[in-house]
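Asker: You'll find protein29.pdb just under this line, and it carries PDB, C-alpha atoms.
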ATOM      1  CA  MET A 332     -90.112  10.688 -47.999
ATOM      2  CA  LYS A 333     -87.026  12.606 -46.949
ATOM      3  CA  PHE A 334     -86.317  13.158 -43.278
ATOM      4  CA  ILE A 335     -84.152  15.637 -41.421
ATOM      5  CA  TYR A 336     -82.332  14.651 -38.228
ATOM      6  CA  ALA A 337     -82.842  17.566 -35.842
ATOM      7  CA  ALA A 338     -79.764  16.473 -33.928
ATOM      8  CA  ALA A 339     -77.242  13.718 -34.047
ATOM      9  CA  VAL A 340     -77.624  10.183 -33.011
ATOM     10  CA  VAL A 341     -74.449  10.329 -30.990
ATOM     11  CA  ALA A 342     -71.150   9.249 -32.467
ATOM     12  CA  ALA A 343     -71.611   5.952 -30.672
ATOM     13  CA  LEU A 344     -74.524   5.286 -32.997
ATOM     14  CA  GLY A 345     -72.517   6.152 -36.056
ATOM     15  CA  PHE A 346     -74.174   9.480 -36.886
ATOM     16  CA  PHE A 347     -73.269  13.082 -36.128
ATOM     17  CA  ALA A 348     -74.605  16.513 -37.039
ATOM     18  CA  VAL A 349     -74.165  19.991 -35.595
ATOM     19  CA  PRO A 350     -77.438  21.180 -34.033
ATOM     20  CA  VAL A 351     -78.622  24.781 -34.084
ATOM     21  CA  HIS A 352     -80.383  26.651 -31.318
ATOM     22  CA  ALA A 353     -84.106  26.239 -30.952
ATOM     23  CA  SER A 354     -85.702  29.677 -31.101
ATOM     24  CA  THR A 355     -88.848  29.435 -29.025
ATOM     25  CA  THR A 356     -89.986  28.732 -25.482
ATOM     26  CA  VAL A 357     -93.164  26.957 -26.621
ATOM     27  CA  PRO A 358     -93.273  23.232 -27.459
ATOM     28  CA  PRO A 359     -91.496  22.471 -30.747
ATOM     29  CA  ASN A 360     -93.469  21.737 -33.902
ATOM     30  CA  LEU A 361     -93.122  18.946 -36.404
ATOM     31  CA  THR A 362     -93.136  20.616 -39.821
ATOM     32  CA  ILE A 363     -94.519  18.568 -42.707
ATOM     33  CA  SER A 364     -93.622  19.791 -46.195
ATOM     34  CA  LYS A 365     -94.552  18.495 -49.634
ATOM     35  CA  GLY A 366     -92.734  19.568 -52.744
ATOM     36  CA  GLY A 367     -90.802  22.122 -50.716
ATOM     37  CA  LYS A 368     -93.945  23.788 -49.326
ATOM     38  CA  VAL A 369     -95.020  23.624 -45.690
ATOM     39  CA  VAL A 370     -98.430  21.982 -45.438
ATOM     40  CA  LYS A 371     -98.715  21.451 -41.677
ATOM     41  CA  ASN A 372     -97.130  22.355 -38.342
ATOM     42  CA  VAL A 373     -97.941  19.923 -35.563
ATOM     43  CA  PRO A 374     -97.119  20.604 -31.864
ATOM     44  CA  ILE A 375     -95.369  17.432 -30.731
ATOM     45  CA  PHE A 376     -95.045  17.848 -26.961
ATOM     46  CA  ASP A 377     -97.355  19.185 -24.265
ATOM     47  CA  LYS A 378     -94.713  21.332 -22.583
ATOM     48  CA  TRP A 379     -91.628  23.278 -23.569
ATOM     49  CA  ALA A 380     -88.604  21.313 -24.741
ATOM     50  CA  ASP A 381     -85.521  22.820 -26.344
ATOM     51  CA  GLY A 382     -86.076  21.356 -29.791
ATOM     52  CA  ALA A 383     -86.441  17.693 -30.664
ATOM     53  CA  THR A 384     -84.745  14.829 -32.471
ATOM     54  CA  LEU A 385     -86.413  12.902 -35.248
ATOM     55  CA  ALA A 386     -86.247   9.651 -37.209
ATOM     56  CA  VAL A 387     -88.592   8.100 -39.771
ATOM     57  CA  GLY A 388     -89.047   4.433 -40.572
ATOM     58  CA  ASP A 389     -91.366   1.458 -40.637
ATOM     59  CA  LEU A 390     -92.008   0.246 -37.095
ATOM     60  CA  GLY A 391     -95.042  -1.938 -37.815
ATOM     61  CA  ASN A 392     -93.406  -3.942 -40.623
ATOM     62  CA  ASP A 393     -96.378  -3.039 -42.791
ATOM     63  CA  GLY A 394     -94.532  -0.929 -45.346
ATOM     64  CA  VAL A 395     -95.858   2.333 -43.882
ATOM     65  CA  PRO A 396     -93.214   4.503 -42.163
ATOM     66  CA  GLU A 397     -93.884   6.134 -38.801
ATOM     67  CA  ILE A 398     -92.341   9.319 -37.372
ATOM     68  CA  VAL A 399     -90.454   9.087 -34.082
ATOM     69  CA  VAL A 400     -89.545  12.231 -32.116
ATOM     70  CA  GLY A 401     -87.526  12.625 -28.920
ATOM     71  CA  ALA A 402     -87.881  15.612 -26.597
ATOM     72  CA  GLY A 403     -84.951  18.006 -26.434
ATOM     73  CA  PRO A 404     -83.237  19.017 -23.171
ATOM     74  CA  GLY A 405     -85.127  20.776 -20.412
ATOM     75  CA  SER A 406     -88.182  18.534 -20.572
ATOM     76  CA  ILE A 407     -89.095  15.033 -19.470
ATOM     77  CA  PRO A 408     -87.309  12.461 -21.696
ATOM     78  CA  GLU A 409     -90.354  11.617 -23.782
ATOM     79  CA  ILE A 410     -90.601   9.767 -27.085
ATOM     80  CA  ARG A 411     -93.632  10.102 -29.319
ATOM     81  CA  VAL A 412     -94.549   7.862 -32.233
ATOM     82  CA  LEU A 413     -96.633   9.636 -34.883
ATOM     83  CA  ARG A 414     -98.418   8.835 -38.103
ATOM     84  CA  GLN A 415     -97.322  10.570 -41.285
ATOM     85  CA  ASP A 416     -99.987  13.269 -40.765
ATOM     86  CA  GLY A 417     -98.556  14.034 -37.308
ATOM     87  CA  THR A 418    -101.310  12.388 -35.262
ATOM     88  CA  LEU A 419    -100.211  10.521 -32.159
ATOM     89  CA  ILE A 420     -99.887   6.735 -32.065
ATOM     90  CA  ASN A 421     -98.292   6.434 -28.632
ATOM     91  CA  LYS A 422     -95.895   8.106 -26.225
ATOM     92  CA  PHE A 423     -93.591   6.974 -23.423
ATOM     93  CA  ASN A 424     -90.581   8.099 -21.416
ATOM     94  CA  ALA A 425     -87.263   6.792 -22.665
ATOM     95  CA  PHE A 426     -85.515   7.310 -19.319
ATOM     96  CA  ASP A 427     -86.312   8.322 -15.774
ATOM     97  CA  LYS A 428     -88.096  11.669 -15.795
ATOM     98  CA  THR A 429     -85.260  13.256 -13.809
ATOM     99  CA  ILE A 430     -82.896  12.778 -16.784
ATOM    100  CA  ALA A 431     -83.793  15.984 -18.622
ATOM    101  CA  LEU A 432     -80.855  16.216 -21.041
ATOM    102  CA  GLY A 433     -82.824  15.307 -24.140
ATOM    103  CA  VAL A 434     -83.498  12.102 -26.050
ATOM    104  CA  ILE A 435     -81.615  11.331 -29.259
ATOM    105  CA  VAL A 436     -83.648   8.900 -31.368
ATOM    106  CA  SER A 437     -82.785   6.612 -34.259
ATOM    107  CA  LEU A 438     -84.355   3.554 -35.871
ATOM    108  CA  GLY A 439     -82.684   0.312 -36.810
ATOM    109  CA  ASP A 440     -82.832  -3.454 -36.692
ATOM    110  CA  THR A 441     -80.792  -4.122 -33.566
ATOM    111  CA  ASN A 442     -81.591  -7.819 -33.121
ATOM    112  CA  GLY A 443     -81.613  -9.140 -36.690
ATOM    113  CA  ASP A 444     -85.334  -9.938 -36.806
ATOM    114  CA  GLY A 445     -85.918  -7.809 -39.913
ATOM    115  CA  LYS A 446     -87.895  -5.164 -38.007
ATOM    116  CA  ASN A 447     -86.936  -1.664 -36.950
ATOM    117  CA  GLU A 448     -86.672  -0.816 -33.264
ATOM    118  CA  ILE A 449     -86.468   2.601 -31.596
ATOM    119  CA  VAL A 450     -82.979   3.340 -30.328
ATOM    120  CA  ALA A 451     -82.840   6.115 -27.712
ATOM    121  CA  ALA A 452     -79.735   7.733 -26.242
ATOM    122  CA  THR A 453     -79.455  10.450 -23.640
ATOM    123  CA  GLY A 454     -78.036  13.845 -24.584
ATOM    124  CA  PRO A 455     -74.329  13.922 -25.531
ATOM    125  CA  LYS A 456     -73.055  14.477 -21.995
ATOM    126  CA  PHE A 457     -74.385  11.021 -21.113
ATOM    127  CA  GLY A 458     -74.598   9.730 -24.666
ATOM    128  CA  ASN A 459     -73.382   6.250 -23.856
ATOM    129  CA  TYR A 460     -76.667   5.395 -22.080
ATOM    130  CA  VAL A 461     -78.838   3.657 -24.672
ATOM    131  CA  ARG A 462     -82.196   1.933 -24.578
ATOM    132  CA  VAL A 463     -84.001   0.007 -27.310
ATOM    133  CA  PHE A 464     -87.805  -0.149 -27.569
ATOM    134  CA  ASP A 465     -90.299  -1.705 -29.933
ATOM    135  CA  GLY A 466     -92.861   0.499 -31.617
ATOM    136  CA  THR A 467     -95.264   0.207 -28.678
ATOM    137  CA  GLY A 468     -92.692   1.514 -26.188
ATOM    138  CA  LYS A 469     -91.840  -1.880 -24.687
ATOM    139  CA  LEU A 470     -88.256  -1.906 -23.410
ATOM    140  CA  LEU A 471     -86.163  -4.500 -25.258
ATOM    141  CA  ASN A 472     -82.633  -3.647 -24.177
ATOM    142  CA  ASP A 473     -80.916  -1.299 -21.768
ATOM    143  CA  TRP A 474     -77.173  -0.902 -21.704
ATOM    144  CA  PHE A 475     -74.049   1.235 -21.730
ATOM    145  CA  PRO A 476     -72.547   0.145 -25.040
ATOM    146  CA  LYS A 477     -69.106   0.425 -26.504
ATOM    147  CA  PRO A 478     -69.172   2.621 -29.642
ATOM    148  CA  GLN A 479     -67.940  -0.094 -31.970
ATOM    149  CA  THR A 480     -70.644  -2.537 -30.891
ATOM    150  CA  ILE A 481     -73.428   0.017 -31.335
ATOM    151  CA  SER A 482     -72.351   1.184 -34.762
ATOM    152  CA  SER A 483     -72.145  -2.391 -35.977
ATOM    153  CA  ILE A 484     -75.762  -3.276 -35.157
ATOM    154  CA  ILE A 485     -77.636  -0.112 -36.154
ATOM    155  CA  THR A 486     -78.896   0.018 -39.719
ATOM    156  CA  ALA A 487     -80.482   3.023 -41.406
ATOM    157  CA  ALA A 488     -84.243   3.463 -41.126
ATOM    158  CA  THR A 489     -86.150   2.764 -44.322
ATOM    159  CA  VAL A 490     -87.627   5.776 -46.101
ATOM    160  CA  ALA A 491     -89.603   6.413 -49.269
ATOM    161  CA  ASP A 492     -91.666   9.108 -51.043
ATOM    162  CA  ALA A 493     -89.182  11.806 -52.074
ATOM    163  CA  GLU A 494     -91.875  14.521 -52.007
ATOM    164  CA  THR A 495     -92.423  14.646 -48.246
ATOM    165  CA  THR A 496     -90.066  16.139 -45.693
ATOM    166  CA  TYR A 497     -90.379  16.057 -41.901
ATOM    167  CA  SER A 498     -88.346  18.434 -39.776
ATOM    168  CA  VAL A 499     -88.134  19.715 -36.205
ATOM    169  CA  PRO A 500     -86.152  22.521 -34.534
ATOM    170  CA  ALA A 501     -82.792  21.192 -33.406
ATOM    171  CA  PRO A 502     -81.923  20.873 -29.725
ATOM    172  CA  HIS A 503     -79.301  22.999 -28.032
ATOM    173  CA  PHE A 504     -77.028  20.076 -27.075
ATOM    174  CA  THR A 505     -73.589  21.599 -27.589
ATOM    175  CA  ASN A 506     -71.844  24.970 -27.728
ATOM    176  CA  ALA A 507     -68.674  25.057 -29.779
ATOM    177  CA  THR A 508     -67.646  28.417 -28.280
ATOM    178  CA  ILE A 509     -67.522  27.008 -24.744
ATOM    179  CA  GLY A 510     -64.115  25.819 -23.621
ATOM    180  CA  ALA A 511     -63.127  23.476 -20.852
ATOM    181  CA  GLY A 512     -64.779  23.527 -17.466
ATOM    182  CA  LYS A 513     -68.164  24.687 -16.224
ATOM    183  CA  GLN A 514     -69.914  27.803 -17.512
ATOM    184  CA  ILE A 515     -73.379  29.293 -17.096
ATOM    185  CA  GLU A 516     -75.164  31.077 -19.942
ATOM    186  CA  VAL A 517     -78.333  33.135 -19.452
ATOM    187  CA  ASP A 518     -80.156  34.091 -22.649
ATOM    188  CA  LEU A 519     -82.361  37.108 -21.925
ATOM    189  CA  THR A 520     -84.296  36.788 -25.164
ATOM    190  CA  LYS A 521     -85.144  33.133 -24.693
ATOM    191  CA  GLN A 522     -85.417  33.426 -20.887
ATOM    192  CA  ARG A 523     -83.310  30.308 -20.514
ATOM    193  CA  LEU A 524     -80.322  29.278 -18.498
ATOM    194  CA  TYR A 525     -77.826  26.801 -19.924
ATOM    195  CA  ALA A 526     -75.268  25.013 -17.742
ATOM    196  CA  TRP A 527     -72.299  23.888 -19.857
ATOM    197  CA  GLU A 528     -69.527  21.498 -18.945
ATOM    198  CA  ASP A 529     -66.663  21.154 -21.429
ATOM    199  CA  GLY A 530     -68.980  22.402 -24.182
ATOM    200  CA  LEU A 531     -71.703  19.831 -23.489
ATOM    201  CA  LEU A 532     -75.059  20.674 -21.970
ATOM    202  CA  ALA A 533     -75.344  19.653 -18.319
ATOM    203  CA  ALA A 534     -78.775  21.247 -17.755
ATOM    204  CA  THR A 535     -81.106  23.872 -19.181
ATOM    205  CA  TYR A 536     -84.025  25.623 -17.515
ATOM    206  CA  LEU A 537     -86.588  28.304 -18.199
ATOM    207  CA  VAL A 538     -85.924  31.302 -15.937
ATOM    208  CA  SER A 539     -87.308  34.757 -15.256
ATOM    209  CA  THR A 540     -84.907  37.682 -15.508
ATOM    210  CA  GLY A 541     -85.467  41.380 -14.813
ATOM    211  CA  ILE A 542     -88.490  43.323 -15.996
ATOM    212  CA  LYS A 543     -87.978  46.330 -18.261
ATOM    213  CA  ILE A 544     -87.629  48.863 -15.447
ATOM    214  CA  PHE A 545     -85.188  46.590 -13.548
ATOM    215  CA  PRO A 546     -83.333  44.711 -16.299
ATOM    216  CA  THR A 547     -80.777  41.996 -15.746
ATOM    217  CA  PRO A 548     -77.599  43.551 -17.181
ATOM    218  CA  PRO A 549     -75.806  41.649 -19.949
ATOM    219  CA  GLY A 550     -72.146  40.999 -19.337
ATOM    220  CA  GLN A 551     -69.455  38.622 -18.167
ATOM    221  CA  TYR A 552     -69.633  37.644 -14.517
ATOM    222  CA  SER A 553     -68.721  34.767 -12.229
ATOM    223  CA  ILE A 554     -70.179  33.081  -9.172
ATOM    224  CA  LEU A 555     -68.935  35.179  -6.228
ATOM    225  CA  LYS A 556     -70.475  33.336  -3.323
ATOM    226  CA  LYS A 557     -73.249  30.904  -2.486
ATOM    227  CA  ILE A 558     -75.798  31.295   0.303
ATOM    228  CA  PRO A 559     -78.211  28.421   1.001
ATOM    229  CA  LEU A 560     -80.971  30.566   2.506
ATOM    230  CA  MET A 561     -81.476  34.327   2.646
ATOM    231  CA  ASP A 562     -84.083  37.098   2.763
ATOM    232  CA  TYR A 563     -84.544  39.748   0.072
ATOM    233  CA  LYS A 564     -85.748  43.234   0.996
ATOM    234  CA  TRP A 565     -85.725  46.549  -0.838
ATOM    235  CA  ASN A 566     -87.532  49.830  -0.233
ATOM    236  CA  TYR A 567     -87.911  52.260  -3.153
ATOM    237  CA  GLY A 568     -89.922  54.679  -1.050
ATOM    238  CA  ALA A 569     -93.193  54.756   0.855
ATOM    239  CA  GLY A 570     -96.019  53.231  -1.140
ATOM    240  CA  SER A 571     -93.880  52.119  -4.081
ATOM    241  CA  PRO A 572     -95.388  49.075  -5.837
ATOM    242  CA  TYR A 573     -91.849  47.822  -6.375
ATOM    243  CA  ASN A 574     -91.022  47.415  -2.682
ATOM    244  CA  TYR A 575     -90.460  43.839  -1.622
ATOM    245  CA  ASN A 576     -89.683  41.816   1.486
ATOM    246  CA  ILE A 577     -89.303  38.128   0.674
ATOM    247  CA  LYS A 578     -88.265  35.640   3.321
ATOM    248  CA  ASN A 579     -86.442  32.319   3.171
ATOM    249  CA  VAL A 580     -85.305  32.209  -0.436
ATOM    250  CA  SER A 581     -83.275  29.066  -1.158
ATOM    251  CA  TRP A 582     -80.168  28.315  -3.208
ATOM    252  CA  ASN A 583     -78.711  31.764  -3.867
ATOM    253  CA  SER A 584     -75.682  32.005  -6.158
ATOM    254  CA  GLN A 585     -74.384  35.582  -6.370
ATOM    255  CA  PHE A 586     -72.841  36.696  -9.673
ATOM    256  CA  ALA A 587     -72.759  40.506  -9.218
ATOM    257  CA  GLN A 588     -73.611  43.121  -6.600
ATOM    258  CA  HIS A 589     -77.269  42.595  -5.622
ATOM    259  CA  MET A 590     -77.601  40.014  -8.407
ATOM    260  CA  TYR A 591     -78.278  36.342  -7.713
ATOM    261  CA  LEU A 592     -79.440  33.134  -9.325
ATOM    262  CA  HIS A 593     -82.079  31.945  -6.849
ATOM    263  CA  GLU A 594     -85.358  30.153  -6.420
ATOM    264  CA  ALA A 595     -88.596  32.109  -6.811
ATOM    265  CA  TYR A 596     -91.374  30.327  -4.923
ATOM    266  CA  TRP A 597     -93.766  33.270  -5.314
ATOM    267  CA  HIS A 598     -94.516  32.815  -9.015
ATOM    268  CA  ASN A 599     -94.659  30.166 -11.710
ATOM    269  CA  LYS A 600     -94.205  32.340 -14.781
ATOM    270  CA  PHE A 601     -90.780  31.098 -15.812
ATOM    271  CA  GLY A 602     -90.037  31.912 -19.421
ATOM    272  CA  GLN A 603     -90.935  35.605 -19.037
ATOM    273  CA  PRO A 604     -89.276  38.531 -17.206
ATOM    274  CA  MET A 605     -90.513  38.807 -13.619
ATOM    275  CA  SER A 606     -87.635  39.906 -11.375
ATOM    276  CA  HIS A 607     -85.912  43.053 -10.129
ATOM    277  CA  GLY A 608     -82.721  42.009 -11.906
ATOM    278  CA  CYS A 609     -81.932  38.634 -10.386
ATOM    279  CA  VAL A 610     -82.404  35.382 -12.278
ATOM    280  CA  ASN A 611     -85.468  33.614 -10.876
ATOM    281  CA  MET A 612     -85.526  29.816 -11.025
ATOM    282  CA  ARG A 613     -87.647  26.932  -9.856
ATOM    283  CA  LYS A 614     -86.411  25.589  -6.529
ATOM    284  CA  ALA A 615     -85.038  22.289  -7.874
ATOM    285  CA  ASP A 616     -83.329  24.086 -10.764
ATOM    286  CA  ALA A 617     -81.710  26.646  -8.468
ATOM    287  CA  LYS A 618     -80.462  23.843  -6.230
ATOM    288  CA  PHE A 619     -78.867  22.058  -9.178
ATOM    289  CA  ILE A 620     -76.934  25.195 -10.126
ATOM    290  CA  PHE A 621     -76.031  25.864  -6.481
ATOM    291  CA  ASP A 622     -74.601  22.350  -6.101
ATOM    292  CA  TRP A 623     -73.077  22.102  -9.583
ATOM    293  CA  ALA A 624     -71.357  25.483 -10.000
ATOM    294  CA  PRO A 625     -68.466  26.261  -7.655
ATOM    295  CA  VAL A 626     -67.440  29.793  -6.736
ATOM    296  CA  GLY A 627     -65.607  31.244  -9.724
ATOM    297  CA  THR A 628     -67.780  29.600 -12.371
ATOM    298  CA  PRO A 629     -68.137  32.037 -15.323
ATOM    299  CA  VAL A 630     -71.610  33.466 -15.954
ATOM    300  CA  THR A 631     -72.429  35.005 -19.351
ATOM    301  CA  ILE A 632     -75.645  37.015 -19.712
ATOM    302  CA  HIS A 633     -76.726  38.135 -23.183
ATOM    303  CA  SER A 634     -79.732  38.928 -25.344
TER     304      SER A 634
END
Would you write the structure of this file as C-alpha cells?
Answerer:
Amino acid sequence: MKFIYAAAVVAALGFFAVPVHASTTVPPNLTISKGGKVVKNVPIFDKWADGATLAVGDLGNDGVPEIVVGAGPGSIPEIRVLRQDGTLINKFNAFDKTIALGVIVSLGDTNGDGKNEIVAATGPKFGNYVRVFDGTGKLLNDWFPKPQTISSIITAATVADAETTYSVPAPHFTNATIGAGKQIEVDLTKQRLYAWEDGLLAATYLVSTGIKIFPTPPGQYSILKKIPLMDYKWNYGAGSPYNYNIKNVSWNSQFAQHMYLHEAYWHNKFGQPMSHGCVNMRKADAKFIFDWAPVGTPVTIHS
C-alpha cells in the first residue's frame, strides 16, 4: 500500500511537500488505485473543502491500516477515519469549527505505547497548534510544540501492499508567488477568494462574482475604501430585469469604481456567478476581509 500526502505535515512535524491547487468547488474525493488504475473515487466530506490531507497507517493495532483524511481550508476542521475501501469508520473535528484553515494529518506513535495516534496540525499559518487523538477521536494531547520536540516523537505510519495507492487533491495552503504582506486573490473560474499573508493562507471562501452580462473584470486592484453599511441601487431603464435596489448591505470593501467585496444576504448560491460585477460573500466572510484587509491591500482578480 503506497500513500500520497496531499499536503505537508508542517515542518514542525518533520515533513514538507509543495501542495498544488485543488481544482473543484465540490467536496474532494479519495481516489483508490490498484496497479496504477483508478478503481474507486469516494467523496470524503459532506461540504466543499479546498482539497484534503491524507495519511495511512494501523490505528487499531490489528495489522490492518486505516486511512485518515483532514479537510482542507475553507471548511470545518474535520478529520475522517476510513476503511481501505473508503467507507467511514468515524469523524470528528480536530479544532474549533471557527478555525477553517485546514487540518494537516499524520500518524505516529507519540507516547511510546507501540500504537499509532492521529497527529493534527492547523494550516501552515498556525502550524504550531497540534493535537493528538486516538483512532476513535479521543483527545490525548493538545499543545503548541517546539519543532525539535515534535520531530523527535513522530514516527512514520506503517504501510504495506505496494499495489494500492490512496490520493486526494492537495489543499491550497501556500502561494509561492505572493510576497510579503497581505493580498487578496479572487479566482473567477473557481469562484473563490483567497486571503494571503506573507504567502500563507489566512482564509479562503466561496464567492459569487459577476454574471456573464455583468462580469467582474480581471486585473490588479487595491482596497480603496471601506464602508460598514451601504445601499446598492442601479436603474438600467424602466422594466429592466437587471434593476436593483438593495438596502443595508454590510462590510463593503471597494476595490474599483462601482466594484466592492461585500455581503450578499439575498442569496446562498456562493460558488457560482450571481452579481452585477461585485464580489458577493457570506456576511461573516465579508466581515473577516473588511477587518483583516486595510486600505491599500492589493486585490488580484483572474480566471
Asker: Please, what distance in Å, to one decimal, runs between CA of Met590 in chain A and CA of Pro404 in chain A?
Answerer: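 Separation of CA of Met590 in chain A and CA of Pro404 in chain A: 26.3 Å.
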Asker: CA of Leu385 in chain A and CA of Val399 in chain A are how many Å apart?
Answerer: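 Interatomic distance here is 5.7 Å.
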Asker: Would you compute the distance between CA of Leu519 in chain A and CA of Val610 in chain A? Give it in Å to one decimal.
Answerer: 9.8 Å
Asker: Would you kindly return, as a list in words, each protein, DNA or RNA residue with an atom no farther than 10 Å from any atom of range 469-472 of chain A, considering all atoms listed in the file and excluding same-chain residues fewer than 2 positions away?
Answerer: Phe423, Ala425, Thr441, Asn442, Glu448, Ile449, Val450, Val461, Arg462, Val463, Phe464, Asp465, Gly466, Thr467 and Trp474 of chain A
Asker: Around (-80.8, 33.6, 1.0) in the file's own coordinates, what residues are found within 9 Å if you use all atoms listed in the file, given back as a list in words?
Answerer: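 Protein and nucleic acid residues near the point are Lys557, Ile558, Pro559, Leu560, Met561, Asp562, Tyr563, Lys578, Asn579, Val580, Ser581, Trp582, Asn583, Ser584 and His593 of chain A.
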Asker: Check what the PyMOL selection byres ((chain A and resi 501-516) around 8) selects in the file above and give those residues as a ChimeraX atom specification.
Answerer: /A:337-338,350-353,381-384,403-404,433,454-455,499-500,517-518,524-532,624,628-633
Asker: Env of range 362-367 of chain A: 8 Å cut, atoms = only C-alpha atoms, seq-sep filter 5 positions within chain, self excluded. Answer as a compact mmCIF listing (two decimals) with C-alpha atoms, in the frame of the given file.
Answerer:
# COMPACT_ATOMS: atom_id res chain seq x y z
CA ASN A 372 -97.13 22.36 -38.34
CA VAL A 373 -97.94 19.92 -35.56
CA ASP A 416 -99.99 13.27 -40.76
CA GLU A 494 -91.88 14.52 -52.01
CA THR A 495 -92.42 14.65 -48.25
CA THR A 496 -90.07 16.14 -45.69
CA TYR A 497 -90.38 16.06 -41.90
CA SER A 498 -88.35 18.43 -39.78
CA VAL A 499 -88.13 19.72 -36.20
Asker: Can you turn the PyMOL selection byres ((chain A and resi 540-550) around 7) into a concrete residue list for this file, as a list in words?
Answerer: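 When the PyMOL selection byres ((chain A and resi 540-550) around 7) is applied to the shown file, the picked residues are Leu519, Gln522, Val538, Ser539, Gln551, Tyr552, Pro604, Met605, Ser606, His607, Gly608, Cys609, Val610, Asn611, Thr631, Ile632 and His633 of chain A.
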Asker: Using only C-alpha atoms, find the one residue out of A:Ile375, A:Val370, A:Ile420, A:Ala452 that sits nearest to Pro408 in chain A.
Answerer: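 Smallest separation from Pro408 in chain A among the options: A:Ala452.
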Asker: Using all atoms listed in the file, pick whichever of A:Tyr573, A:Tyr536, A:Trp565, A:Phe621 has the shortest atom-to-atom distance to Leu592 in chain A.
Answerer: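 For Leu592 in chain A, the nearest of the candidates is A:Phe621.
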Asker: Restricting the calculation to all atoms listed in the file, which member of A:Asp377, A:Asp427, A:Asp389, A:Asp473 is positioned closest to Lys446 in chain A?
Answerer: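 Once distances to Lys446 in chain A are computed over all atoms listed in the file, the minimum belongs to A:Asp389.
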Asker: Pick from A:Trp379, A:Gly391, A:Lys368, A:Asn421: nearest to Ile407 in chain A, with only C-alpha atoms counted?
Answerer: A:Trp379
Asker: Using only C-alpha atoms, find the one residue out of A:Pro359, A:Gly568, A:Gly417, A:Gly443 that sits nearest to Val387 in chain A.
Answerer: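 Closest candidate: A:Gly417.
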Asker: Given the file above and the PyMOL selection byres ((chain A and resi 599) around 10), which residues are selected, and can you give them as a PyMOL selection string?
Answerer: chain A and resi 538-539+595-598+600-603+605+611-613
Asker: Leaving out Ala587 in chain A and any residue of its chain fewer than 2 positions from it, which residues lie within 8 Å of it when counting all atoms listed in the file, given as a PyMOL selection string?
Answerer: chain A and resi 552-555+585+589-591
Asker: Nearest to Ser634 in chain A among A:Thr520, A:Asp440, A:Ile398, A:Leu361, with distances taken over all atoms listed in the file: which residue is it?
Answerer: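 Checking each of A:Thr520, A:Asp440, A:Ile398, A:Leu361 against Ser634 in chain A, counting all atoms listed in the file, the winner is A:Thr520.
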